[in-house]
Amino acid sequence: MSTRTSIVALPNRIHADQRTLFGLALLSMFVLAAISVARVSGQEAGAKYDTIAMHPALTEAMIKQVESTTKSFISTGNGNPKLVTAYFGLYVPAKLTALDGVKDIPAIVDEVGGYIARAARSNRPDITQKITVDAFGGLKKVAEGNYHPAGRISAIVLMSRLDQKQADNQSKTPPVPYLQVLPILMTLYENDKNVDGVRAAALQGIHRHVSYNFPGIPAAARDQISKDMTALLDSKPEMFRTDRSHAYLQRYAVDILSSLRAANDSSLGSKLISISTKADSLDLIALHSAARIGELGKQLQGKVADPEKVLSSWSTRALAAFESEVKRLKSLDRLEPAASQPKDPEQFLNKDAKKAPTSRDSMMDDMMGDQYGSSQDMSQYGDMMGGPDMSGYEDMMGGQFPGMVPEAKPQPPEVSASRRKLNHVLQQLHMGVTGKPTVGIPTKDPGGLLASVPEDKKAAVTAWVTSMESIVTALNDKTLDDRVKYLEGLELQVESLRELVGEAPEQVFGADDDMASDVAPRAADDLLVGAQ
């Protein structure tokens with residue numbers, strides 16, 4: 001009997017230290033992206049940004065005193081509170097908006113983010129309240145003004161980390177975000193004159209507020225957020241926004257709508273099925289939508305007209321992912337050396353021309369050949385690592401089936417990365433079908449399609465789960481410990497997936513890889529009961 005493997009999902013309510021590390025890492029990503037985008041797009045040259053001048057009283061010596069007092073206050077509660085206010089209300093805004101100091105923004109962000117996190121861990125409500133109010137006042141000015149996008153994004157994300165009630169690890173209660181921040185985030189997101197980086201940062205903040213505090217959000221704000229997110233989910237990419245960036249933002253919309261939906265509302269589930277089964281949906285949003293269907297379950301009862309077609313569509317997407325990996329891994333093979341050009345006939349008159357190559361010459365040829373092969377491997381591997389599948393869904397699911405990854409011997413990096421990517425694809429589809437973080441048929445309280453289909457359709461769904469379990473097992477076979485063996489295993493799994501897909505119409509998936517499709521997008525609405 002095989003042992004089921006648990007799929008460990010990152011909880012929605014994670015510990016404070018983990019939240020801090022994740023938040024700071026995400027913030028650094030936003031800041032660096034903002035600086036890069038501004039330079040590439042020419043925003044710095046064409047736009048005129050305002051700045052906040054450093055207060056005259058903040059001389060170099062006074063700045064040191066302000067920083068020292070702030071650090072001491074957060075640790076002990078001692079020190080002049082006015083200097084703490086000066087740090088957050090005067091010094092930080094000036095640093096974030098200085099046009100000649102954009103490169104220094106990550107450092108000030110790390111410092112402020114660290115202070116916010118330390119205050120949250122202090123278990124001193126007076127300290128936490130003081131830092132929250134002061135930081136909000138200073139960051140709000142930057143977020144709402146006409147300042148460099150890197151500074152505004154930094155202020156928005158830092159401001160989004162502020163809480164009015166801290167997480168309690170012992171009682172396992174989540175933090176309560178600072179509610180005064182939410183209206184600002186909503187206004188920033190809704191203003192389409194803001195650059196995409198600013199709107200994305202605001203959207204990420206809205207996502208955090210809804211995830212942790214949706215019962216505390218006023219009804220009017222909840223309704224407006226739902227309206228905005230529905231519009232985002234239904235929209236096409238705006239001008240100058242790539243399809244991939246748009247799909248990334250739409251993932252936030254899926255999560256937010258999932259949190260805000262009414263208990264008896266099946267409209268979101270129908271929309272997610274449509275997104276996940278359309279051939280022109282990028283994997284980044286299609287797979288995320290499929291996984292979210294797992295949470296709905298019985299709310300979709302009677303709404304899925306033909307679950308076999310849904311499963312076939314999802315299987316086709318999995319097949320495309322496996323075929324893409326086979327093609328990519330085969331392209332990593334080192335090219336054969338080019339045949340040498342024939343020698344000049346006159347050289348044959350020279351005895352030296354008949355000399356065999358020296359060992360030194362052969363060694364150099366081998367070294368150059370190895371170096372070329374290695375370079376090819378790493379460049380291709382880097383392309384795959386940079387693809388959206390490697391980063392787009394790990395925040396919720398962990399990215400693979402833990403415990404199934406081979407442990408017997410070190411795997412080549414291209415094999416480990418490929419397993420991680422394909423586990424990630426299968427994992428999200430599995431959640432959409434069963435709603436459970438375990439491989440195989442759930443023993444109780446199933447979700448997803450398994451809970452939504454009538455009894456006479458369940459046999460097809462359970463057969464799909466069983467077939468996928470065998471593919472997961474084969475994918476993670478620990479004896480496939482080099483690229484050649486792994487490729488042979490993948491090709492066998494491709495055949496299994498083709499059998500699972502059966503007579504489904506051809507569809508082109510994998511749009512995340514910028515592959516052009518000459519197949520018209522499949523209309524998915526025919527999979528839903530009541531579709532026009």
# chains A, B, ... in the order shown; residues from 1 in each chain; ligands from 1
call {"tool": "residues_around", "arguments": {"residues": "stretch 244-254 of chain A", "least_positions_apart": "6", "cutoff": "10 Å", "atoms": "only C-alpha atoms", "output": "MDAnalysis selection string"}}
result
chainID A and resid 196 199:200 203:204 206:208 225:226 228:238 268 271:272 281:289 292 387:388 392:393 511:514
call {"tool": "select_by_dssp", "arguments": {"residues": "stretch 124-213 of chain A", "states": "strand (DSSP E)", "output": "list in words"}}
result
Asp163, Gln164, Lys165, Val176 and Pro177 of chain A
call {"tool": "closest_atom_pairs", "arguments": {"of": "stretch 243-351 of chain A", "to": "stretch 471-490 of chain A", "cutoff": "9 Å", "atoms": "only C-alpha atoms", "output": "CSV"}}
result
residue,atom,partner,partner_atom,distance
A:Phe322,CA,A:Leu490,CA,7.0
A:Glu323,CA,A:Leu490,CA,8.3
A:Glu325,CA,A:Leu490,CA,8.3
A:Val326,CA,A:Leu487,CA,6.5
A:Leu329,CA,A:Leu487,CA,7.4
A:Lys330,CA,A:Leu487,CA,8.0
call {"tool": "atom_distance", "arguments": {"atom1": "atom CA of A:Ala155", "atom2": "atom CA of A:Lys172"}}
result
28.6 Å
